[in-house]
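Structure record follows, encoded as structure tokens.
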Amino acid sequence: MIRRPPRSTLSSSSAASDVYKRQDLDDVISPREEELLSLYITGRSIKWFAVLDMLLALFYVFTNFVFLCLLPLPLIGYWGARKFNRNAIGMYMGIVVLFIAIRVYILVFDAGVLLQIIFALIILVEIWILRILWSLWQQLRDLTEEEREALITDAYLHVQSRVMLIW
């Protein structure tokens with residue numbers, strides 16, 4: 001995608017117009033590269049969400065040791081996002097649904113007013129994360145093994161830097 005100068009810089013003598021003229025054609029990425037870059041960035045986000053889920057599960061462990069079994073579950077999501085593994089992402093979606101159910105239970109039956117507000121906000125964020133996971137899970141269906149390996153080895157970092165120059 002070649003970025004065009006704003007309407008205010010249409011004169012051929014303006015400095016801003018010259019910057020846009022100097023863009024090389026090799027800075028342009030294909031639509032598939034753009035999709036793969038989006039997939040790469042989404043995978044990185046899911047890894048952070050999994051770390052956040054582990055920290056929240058750790059919070060539950062301090063309240064009740066029964067929740068200790070929940071602590072390693074977000075690692076499945078982290079691994080799935082790191083390896084772009086569709087099955088692991090699907091399992092992590094199930095784990096997020098389980099965490100939402102636990103939070104709804106605590107919200108309804110076992111929380112004070114402040115905790116109810118906090119859990120309601122966490123539930124909303126988890127639903128948002130679930131939507132992102134669903135999108136990632138669907139995109140991974142069309143991923144070839146070669147593209148998956150390129151994403152795992154961070155080969156799309158050079159594409160990301162080129163996109164940053166364009167945007």
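Identifiers in the structure tokens: chain A, B, ... in order shown; residue index from 1 per chain; ligand index from 1 in order shown.
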Exercise for the section: Would you mind listing what lies within 9 Å of Leu52 (chain A) as an MDAnalysis selection string, with only C-alpha atoms counted and same-chain residues fewer than 5 positions away left out? Expected result: chainID A and resid 47 57 74
Problem - Surrounding residues of region 98-111 of chain A excluding itself and chain neighbours under 6 positions, 8 Å, only C-alpha atoms, as number ranges by chain - result: A: 119-120, 123, 126-127
Problem - Residue contacts of Ile132 (chain A) (12 Å, only C-alpha atoms) excluding same-chain residues fewer than 4 positions away, as a list in words - result: Ser38, Leu39, Ile41, Thr42, Gly43, Arg44, Ser45, Ile46, Lys47, Phe49, Ala81, Ile89, Gly90, Tyr92, Met93, Val96, Val125, Glu126, Ile127, Trp128, Leu136, Trp137, Gln138 and Gln139 of chain A
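From CA of Ser135 (chain A) back to CA of Gly94 (chain A), the distance works out to 14.3 Å.
Among A:Leu140, A:Val113, A:Leu36, A:Val51, the residue with the shortest atom-to-atom distance to Ala88 (chain A), counting only C-alpha atoms, is A:Leu140.
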